[in-house]
>>> print(open('entry.cif').read())   # mmCIF, C-alpha atoms and all ligand atoms
data_coords
#
loop_
_atom_site.label_atom_id
_atom_site.label_comp_id
_atom_site.auth_asym_id
_atom_site.auth_seq_id
_atom_site.Cartn_x
_atom_site.Cartn_y
_atom_site.Cartn_z
CA MET O 47 0.00 0.00 0.00
CA ASP O 48 2.12 2.81 -1.31
CA ILE O 49 -0.12 5.86 -1.21
CA ARG O 50 0.48 8.68 -3.67
CA GLY O 51 -0.04 12.25 -2.49
CA GLU O 52 -1.94 13.05 0.67
CA VAL O 53 -2.56 10.28 3.17
CA ALA O 54 -6.08 10.24 4.59
CA GLY O 55 -6.15 11.08 8.28
CA VAL O 56 -2.69 12.68 8.35
CA LYS O 57 -2.54 16.46 8.75
CA VAL O 58 0.23 18.77 7.58
CA GLY O 59 2.27 19.61 10.67
CA GLN O 60 1.42 16.38 12.46
CA VAL O 61 4.30 15.08 14.60
CA PHE O 62 5.26 11.43 15.03
CA ALA O 63 7.47 9.94 17.74
CA ASP O 64 9.74 7.90 15.48
CA ARG O 65 10.22 6.36 12.03
CA ARG O 66 8.03 3.41 12.96
CA ALA O 67 5.11 5.76 13.66
CA VAL O 68 5.74 7.55 10.36
CA TYR O 69 5.71 4.17 8.64
CA ASP O 70 2.54 2.99 10.39
CA ALA O 71 0.71 6.17 9.42
CA GLY O 72 1.31 5.25 5.77
CA LEU O 73 3.47 8.32 5.17
CA HIS O 74 6.85 6.71 4.50
CA ARG O 75 6.79 2.98 3.87
CA THR O 76 10.37 2.16 4.69
CA LEU O 77 12.12 2.35 8.05
CA VAL O 78 15.66 3.38 7.11
CA ALA O 79 15.94 4.79 3.58
CA GLY O 80 15.30 8.48 2.99
CA ILE O 81 13.35 7.80 -0.19
CA ALA O 82 10.22 5.64 0.09
CA PRO O 83 9.09 3.16 -2.59
CA LYS O 84 8.09 4.89 -5.85
CA GLY O 85 9.51 8.14 -4.48
CA TYR O 86 6.14 9.02 -3.01
CA SER O 87 7.82 10.33 0.13
CA ILE O 88 11.16 11.49 1.49
CA VAL O 89 12.37 11.92 5.05
CA LEU O 90 14.91 14.67 5.76
CA SER O 91 16.98 13.71 8.77
CA GLY O 92 20.51 14.89 8.41
CA GLY O 93 22.08 12.62 5.78
CA TYR O 94 24.08 14.73 3.38
CA GLU O 95 25.82 17.84 4.60
CA ASP O 96 25.27 19.75 1.37
CA ASP O 97 21.51 19.31 1.38
CA VAL O 98 19.82 22.71 1.51
CA ASP O 99 16.58 23.35 3.38
CA ASP O 100 14.81 26.66 2.87
CA GLY O 101 11.48 25.36 4.13
CA ASP O 102 9.41 25.81 0.99
CA ALA O 103 12.31 24.69 -1.21
CA ILE O 104 14.78 21.88 -0.67
CA ILE O 105 17.84 20.59 -2.46
CA TYR O 106 17.99 16.91 -1.67
CA THR O 107 20.82 14.51 -2.44
CA GLY O 108 19.90 11.12 -3.84
CA GLN O 109 20.78 7.71 -2.49
CA GLY O 110 23.50 5.16 -3.11
CA GLY O 111 27.28 4.95 -3.35
CA ARG O 112 27.91 5.34 0.35
CA ASP O 113 29.88 3.06 2.64
CA GLN O 114 27.42 1.39 5.00
CA ASN O 115 29.68 1.76 8.01
CA THR O 116 31.30 5.15 7.56
CA GLY O 117 28.57 6.82 5.50
CA LYS O 118 31.29 8.19 3.20
CA GLN O 119 30.69 8.46 -0.54
CA ILE O 120 32.77 5.69 -2.13
CA ALA O 121 31.11 5.33 -5.54
CA ASP O 122 29.02 7.22 -8.07
CA GLN O 123 25.30 7.36 -7.52
CA GLU O 124 23.12 5.97 -10.29
CA LEU O 125 19.73 6.80 -11.74
CA THR O 126 18.18 3.71 -10.15
CA ARG O 127 15.84 2.92 -7.25
CA GLY O 128 14.85 6.03 -5.26
CA ASN O 129 16.78 8.38 -7.52
CA LEU O 130 14.97 7.06 -10.58
CA SER O 131 11.64 7.28 -8.75
CA LEU O 132 12.18 10.95 -7.89
CA ALA O 133 13.20 11.70 -11.49
CA GLN O 134 10.09 9.90 -12.72
CA ASN O 135 7.96 11.88 -10.30
CA MET O 136 9.35 15.10 -11.75
CA VAL O 137 8.68 14.00 -15.31
CA GLN O 138 5.20 12.73 -14.48
CA GLY O 139 4.20 15.54 -12.13
CA VAL O 140 3.73 13.26 -9.12
CA PRO O 141 3.91 15.09 -5.77
CA VAL O 142 6.25 13.91 -3.00
CA ARG O 143 5.46 13.91 0.72
CA VAL O 144 8.15 15.54 2.88
CA THR O 145 8.74 14.64 6.52
CA ARG O 146 11.44 16.34 8.59
CA GLY O 147 13.25 14.70 11.51
CA ARG O 148 14.69 16.38 14.60
CA ASP O 149 18.26 15.47 13.62
CA LEU O 150 18.03 17.58 10.49
CA ASP O 151 20.43 20.53 10.53
CA SER O 152 17.85 23.12 9.57
CA PRO O 153 15.77 25.84 11.21
CA PHE O 154 12.77 23.91 9.90
CA ALA O 155 13.62 20.75 11.81
CA PRO O 156 11.01 19.85 14.44
CA SER O 157 12.09 20.04 18.08
CA ALA O 158 11.18 16.39 18.58
CA GLY O 159 10.33 13.35 16.51
CA TYR O 160 9.27 13.62 12.87
CA ARG O 161 6.91 16.20 11.40
CA TYR O 162 4.94 15.75 8.18
CA ASP O 163 5.31 18.97 6.20
CA GLY O 164 3.06 18.33 3.22
CA LEU O 165 3.44 17.87 -0.52
CA TYR O 166 6.32 19.05 -2.66
CA GLN O 167 6.96 18.91 -6.39
CA VAL O 168 10.28 17.75 -7.83
CA GLU O 169 11.07 20.71 -10.09
CA ASP O 170 14.52 19.78 -11.27
CA TYR O 171 17.20 17.12 -10.98
CA TRP O 172 20.79 16.93 -12.08
CA THR O 173 24.12 15.23 -11.39
CA GLU O 174 27.15 16.89 -9.88
CA ARG O 175 30.49 15.93 -8.38
CA GLY O 176 30.13 15.82 -4.60
CA LYS O 177 32.93 16.81 -2.25
CA SER O 178 34.18 13.24 -2.45
CA GLY O 179 34.66 13.53 -6.21
CA PHE O 180 31.92 11.00 -6.90
CA LEU O 181 28.81 11.68 -8.88
CA VAL O 182 25.67 12.42 -6.86
CA TYR O 183 22.10 13.08 -7.90
CA ARG O 184 20.49 16.24 -6.62
CA PHE O 185 16.81 17.07 -6.59
CA ARG O 186 15.15 20.44 -6.17
CA LEU O 187 11.79 20.13 -4.45
CA VAL O 188 9.34 23.02 -4.11
CA ARG O 189 6.36 23.00 -1.76
CA LEU O 190 2.95 23.04 -3.41
CA ASP O 191 0.76 26.07 -2.82
CA GLY O 192 -2.40 25.99 -0.77
CA GLN O 193 -1.04 24.13 2.26
CA PRO O 194 -0.74 25.39 5.84
CA PRO O 195 2.61 27.17 6.32
CA ILE O 196 5.39 25.18 7.95
CA ALA O 197 6.04 26.07 11.57
CA PRO O 198 9.80 26.01 12.15
CA GLY O 199 10.35 23.59 15.01
CA ALA O 200 12.63 25.88 16.97
CA GLY O 201 10.35 28.86 16.34
CA VAL O 202 13.06 30.48 14.23
CA ILE O 203 12.69 31.97 10.79
CA PRO O 204 16.02 31.70 8.96
CA ARG O 205 17.49 35.08 8.01
CA ASP O 206 21.14 34.33 7.47
CA LEU O 207 21.08 31.81 4.65
CA PRO O 208 23.79 32.43 2.07
CA ALA O 209 22.56 34.65 -0.73
CA GLY O 210 21.47 32.79 -3.80
CA THR O 211 21.27 29.47 -2.03
CA MET O 212 18.19 28.50 -3.93
CA ALA O 213 19.14 30.07 -7.25
CA PRO O 214 18.10 27.93 -10.18
CA ARG O 215 20.84 25.72 -11.57
CA ARG O 216 20.46 27.13 -15.04
CA VAL O 217 20.30 30.87 -15.11
CA ALA O 218 17.95 30.77 -18.05
CA SER O 219 15.42 28.51 -16.38
CA VAL O 220 13.95 30.95 -13.88
CA SER O 221 10.52 29.75 -14.82
CA SER O 222 10.42 26.00 -14.64
CA ARG O 223 9.07 23.96 -17.54
CA VAL O 224 7.59 21.54 -15.04
CA VAL O 225 3.84 21.54 -15.40
CA ARG O 226 2.14 20.29 -12.28
CA SER O 227 -0.46 17.61 -12.65
CA THR O 228 -3.64 17.46 -10.70
CA GLU O 229 -4.63 13.98 -9.58
CA VAL O 230 -7.17 13.93 -12.39
CA GLY O 231 -4.56 15.08 -14.90
CA LEU O 232 -2.19 12.37 -13.77
CA ARG O 233 -4.90 9.74 -14.17
CA VAL O 234 -5.61 10.89 -17.73
CA LYS O 235 -1.90 10.90 -18.64
CA GLN O 236 -1.51 7.39 -17.28
CA LEU O 237 -4.60 6.29 -19.22
CA TYR O 238 -2.81 7.30 -22.43
CA GLY O 239 0.61 6.02 -21.43
CA PHE O 240 1.79 9.64 -21.71
CA GLN O 241 1.12 9.68 -25.46
CA CYS O 242 -0.21 12.88 -27.03
CA GLN O 243 -3.90 12.62 -27.97
CA PHE O 244 -3.43 15.09 -30.81
CA CYS O 245 -0.26 14.02 -32.62
CA GLY O 246 0.70 10.69 -31.04
CA THR O 247 4.06 11.92 -29.80
CA ILE O 248 5.73 9.93 -27.05
CA LEU O 249 8.43 11.97 -25.34
CA GLU O 250 11.01 9.69 -23.72
CA THR O 251 13.39 10.99 -21.03
CA PRO O 252 15.75 9.19 -18.61
CA GLY O 253 13.05 9.73 -15.98
CA GLY O 254 10.36 8.16 -18.13
CA ARG O 255 7.75 9.54 -20.51
CA TYR O 256 6.70 13.16 -20.30
CA ALA O 257 3.30 14.56 -21.16
CA GLU O 258 1.17 17.45 -19.95
CA CYS O 259 -2.43 17.58 -18.86
CA CYS O 260 -4.40 20.27 -20.61
CA HIS O 261 -7.68 21.64 -19.27
CA ILE O 262 -9.98 22.35 -22.22
CA LYS O 263 -12.06 24.92 -20.32
CA PRO O 264 -9.24 26.60 -18.41
CA LEU O 265 -8.91 26.29 -14.64
CA GLY O 266 -9.16 29.42 -12.51
CA ARG O 267 -10.82 32.75 -12.96
CA PRO O 268 -12.62 33.83 -14.98
CA HIS O 269 -13.24 30.53 -16.75
CA ASN O 270 -13.43 28.25 -13.70
CA GLY O 271 -13.18 25.08 -15.76
CA PRO O 272 -13.58 21.97 -13.62
CA ASP O 273 -10.75 19.55 -12.86
CA VAL O 274 -12.60 16.51 -14.18
CA MET O 275 -11.54 13.91 -16.73
CA GLU O 276 -14.16 15.15 -19.25
CA ASN O 277 -12.27 18.47 -19.32
CA VAL O 278 -8.71 17.11 -19.49
CA LEU O 279 -6.48 16.09 -22.40
CA CYS O 280 -3.11 14.32 -22.38
CA LEU O 281 -0.89 16.33 -24.72
CA CYS O 282 2.74 16.76 -25.70
CA PRO O 283 4.15 20.22 -24.82
CA ASN O 284 3.90 21.45 -28.42
CA CYS O 285 0.25 20.53 -28.79
CA HIS O 286 -0.47 21.89 -25.30
CA VAL O 287 0.90 25.30 -26.27
CA ARG O 288 -0.89 25.20 -29.61
CA PHE O 289 -4.19 24.45 -27.87
CA ASP O 290 -3.79 26.96 -25.03
CA ASP O 291 -2.70 29.67 -27.47
CA TYR O 292 -5.56 28.98 -29.93
CA ALA O 293 -3.53 27.61 -32.83
CA VAL O 294 -5.85 24.61 -32.74
CA ALA O 295 -9.15 23.71 -31.13
CA LEU O 296 -11.58 20.80 -30.95
CA ASN O 297 -14.66 20.51 -33.12
CA ASP O 298 -17.84 18.97 -31.69
CA ASP O 299 -17.00 15.64 -33.31
CA LEU O 300 -13.61 15.74 -31.58
CA THR O 301 -11.65 16.41 -34.74
CA LEU O 302 -8.93 19.03 -34.76
CA THR O 303 -9.81 22.38 -36.31
CA ASP O 304 -6.56 22.59 -38.28
CA THR O 305 -6.09 19.13 -39.79
CA GLY O 306 -9.56 17.64 -39.37
CA GLN O 307 -8.02 14.56 -37.76
CA LYS O 308 -9.89 12.85 -34.94
CA ILE O 309 -8.09 12.90 -31.62
CA GLN O 310 -7.16 9.68 -29.86
CA LEU O 311 -9.60 8.51 -27.21
CA VAL O 312 -9.21 5.43 -25.06
CA ASP O 313 -11.92 3.48 -23.27
CA GLY O 314 -12.92 5.15 -20.06
CA HIS O 315 -12.25 8.68 -21.24
CA CYS O 316 -15.00 10.90 -22.61
CA ILE O 317 -14.59 14.54 -23.56
CA ASP O 318 -17.53 16.84 -22.82
CA VAL O 319 -18.07 18.83 -26.03
CA ASP O 320 -19.44 21.76 -24.02
CA TYR O 321 -15.87 22.39 -22.83
CA ALA O 322 -14.56 22.14 -26.40
CA ARG O 323 -17.20 24.71 -27.44
CA TYR O 324 -16.24 26.99 -24.57
CA HIS O 325 -12.60 26.88 -25.68
CA ARG O 326 -13.55 27.59 -29.31
CA GLU O 327 -15.53 30.64 -28.17
CA LEU O 328 -12.36 32.02 -26.59
CA MET O 329 -10.45 31.96 -29.88
CA PRO O 330 -9.49 35.16 -31.64
CA ARG O 331 -11.58 35.71 -34.76
ZN ZN O 401 1.23 16.43 -29.63
#
>>> encode(input="entry.cif", output="structure tokens", more="lines below")
Ligand SMILES: [Zn+2]
Amino acid sequence: MDIRGEVAGVKVGQVFADRRAVYDAGLHRTLVAGIAPKGYSIVLSGGYEDDVDDGDAIIYTGQGGRDQNTGKQIADQELTRGNLSLAQNMVQGVPVRVTRGRDLDSPFAPSAGYRYDGLYQVEDYWTERGKSGFLVYRFRLVRLDGQPPIAPGAGVIPRDLPAGTMAPRRVASVSSRVVRSTEVGLRVKQLYGFQCQFCGTILETPGGRYAECCHIKPLGRPHNGPDVMENVLCLCPNCHVRFDDYAVALNDDLTLTDTGQKIQLVDGHCIDVDYARYHRELMPR
């Protein structure tokens, strides 16, 4: 029972006595490793000295390559197991639960036990040479909006972090390309095996296939489109941009307005043509 996303009955900010209690709550289904099966959860508890914890943003070092006795890095890390899972969760837009332990060297560490701090999104990952000279995987996680703020365990708000600590790795990538999936969006993408419904593109990356979920009637004001499967498409980034920016739309018979081709539809997924009409009405003319 590896639960993705929120765990029913567990509140953000809830404190647990030890790793066993965290495990039993369904938050982190492994007792020692920092990365839980499928990368659905991580526990921050000290591990790597060059991890960075700014509360709402974390740079987290992957697993592997360490001597079991000394904890020293003695080999390169690989894109396998937990590291691969976190990379896949970035590519697929799967959120990751974050729990902080008291041994963590951070103002956001709880004063006792382990505190569940809510859902984060893996926004980036990369390899770098650690201080040991071996390759390590690093993951940048950013806390999802709309959750209760984290209460620093020691009651301290950090003010003296080195400037630029959380600067993006690539200067040019200030705005991340990562498009967050809603649970519904994720379900639709999985239904299509991350293949674009418009053009059939499958975008392979080392972290698995990448696709985006596109809301036909847009979410948020003023459109207030619903986050339901009937309003969601699984698209490649190109087709997503073309749809959002009105280069293409859906006719009532679910053909594309530019080529006349019918979009791909799998069993269990129906598009509500009212949403397609709404989107067409938004188009410049
Ligand atoms: Zn496409």
>>> atom_distance(input="entry.cif", atom1="CA of Gly108 in chain O", atom2="CA of Tyr256 in chain O")
21.2 Å
>>> atom_distance(input="entry.cif", atom1="CA of Thr173 in chain O", atom2="CA of Arg146 in chain O")
23.7 Å
>>> closest_residue(input="entry.cif", among="O:Asp170, O:Asp113, O:Glu250, O:Glu258", to="Ser227 in chain O", atoms="only C-alpha atoms")
O:Glu258
>>> residues_around(input="entry.cif", residues="Phe62 in chain O", least_positions_apart="5", cutoff="9 Å", atoms="all atoms listed in the file", output="list in words")
Ala67, Val68, Ala71, Ala158, Gly159, Tyr160, Arg161 and Tyr162 of chain O
>>> atom_distance(input="entry.cif", atom1="CA of Leu90 in chain O", atom2="CA of Ala63 in chain O")
14.9 Å
>>> residues_around(input="entry.cif", residues="Leu187 in chain O", least_positions_apart="6", cutoff="8 Å", atoms="all atoms listed in the file", output="PyMOL selection string")
chain O and resi 103-106+166-170
>>> residues_around(input="entry.cif", residues="Ala121 in chain O", least_positions_apart="5", cutoff="7 Å", atoms="only C-alpha atoms", output="PyMOL selection string")
chain O and resi 111-112+180
>>> residues_near_ligand(input="entry.cif", ligand="ligand ZN 401 (chain O)", cutoff="6 Å", atoms="all atoms listed in the file", output="list in words")
Cys242, Phe244, Cys245, Gly246, Thr247, Leu281, Cys282, Asn284 and Cys285 of chain O
>>> closest_residue(input="entry.cif", among="O:Thr107, O:Gln241, O:Gln193, O:Gln123", to="Leu165 in chain O", atoms="all atoms listed in the file")
O:Gln193
>>> build_atoms(input="entry.cif", residues="range 156-169 of chain O", atoms="N, CA and C atoms", output="JSON list (two decimals), keeping the file's coordinate frame")
[["chain", "number", "residue", "atom", "x", "y", "z"],
["O", 156, "PRO", "N", 11.87, 19.82, 13.24],
["O", 156, "PRO", "CA", 11.01, 19.85, 14.44],
["O", 156, "PRO", "C", 11.86, 19.70, 15.70],
["O", 157, "SER", "N", 11.33, 20.13, 16.84],
["O", 157, "SER", "CA", 12.09, 20.04, 18.08],
["O", 157, "SER", "C", 12.13, 18.61, 18.60],
["O", 158, "ALA", "N", 11.18, 17.80, 18.15],
["O", 158, "ALA", "CA", 11.18, 16.39, 18.58],
["O", 158, "ALA", "C", 10.54, 15.55, 17.49],
["O", 159, "GLY", "N", 10.97, 14.30, 17.41],
["O", 159, "GLY", "CA", 10.33, 13.35, 16.51],
["O", 159, "GLY", "C", 10.42, 13.71, 15.04],
["O", 160, "TYR", "N", 9.35, 13.39, 14.31],
["O", 160, "TYR", "CA", 9.27, 13.62, 12.87],
["O", 160, "TYR", "C", 7.99, 14.37, 12.56],
["O", 161, "ARG", "N", 8.09, 15.40, 11.73],
["O", 161, "ARG", "CA", 6.91, 16.20, 11.40],
["O", 161, "ARG", "C", 6.62, 16.09, 9.91],
["O", 162, "TYR", "N", 5.37, 15.78, 9.59],
["O", 162, "TYR", "CA", 4.94, 15.75, 8.18],
["O", 162, "TYR", "C", 4.68, 17.17, 7.71],
["O", 163, "ASP", "N", 5.37, 17.58, 6.65],
["O", 163, "ASP", "CA", 5.31, 18.97, 6.20],
["O", 163, "ASP", "C", 4.60, 19.16, 4.87],
["O", 164, "GLY", "N", 3.93, 18.14, 4.39],
["O", 164, "GLY", "CA", 3.06, 18.33, 3.22],
["O", 164, "GLY", "C", 3.69, 17.88, 1.91],
["O", 165, "LEU", "N", 3.07, 18.32, 0.82],
["O", 165, "LEU", "CA", 3.44, 17.87, -0.52],
["O", 165, "LEU", "C", 4.37, 18.86, -1.22],
["O", 166, "TYR", "N", 5.37, 18.29, -1.87],
["O", 166, "TYR", "CA", 6.32, 19.05, -2.66],
["O", 166, "TYR", "C", 6.33, 18.49, -4.08],
["O", 167, "GLN", "N", 6.80, 19.33, -5.00],
["O", 167, "GLN", "CA", 6.96, 18.91, -6.39],
["O", 167, "GLN", "C", 8.45, 18.86, -6.70],
["O", 168, "VAL", "N", 8.91, 17.78, -7.34],
["O", 168, "VAL", "CA", 10.28, 17.75, -7.83],
["O", 168, "VAL", "C", 10.33, 18.66, -9.06],
["O", 169, "GLU", "N", 11.06, 19.76, -8.97],
["O", 169, "GLU", "CA", 11.07, 20.71, -10.09],
["O", 169, "GLU", "C", 12.29, 20.58, -10.98]]
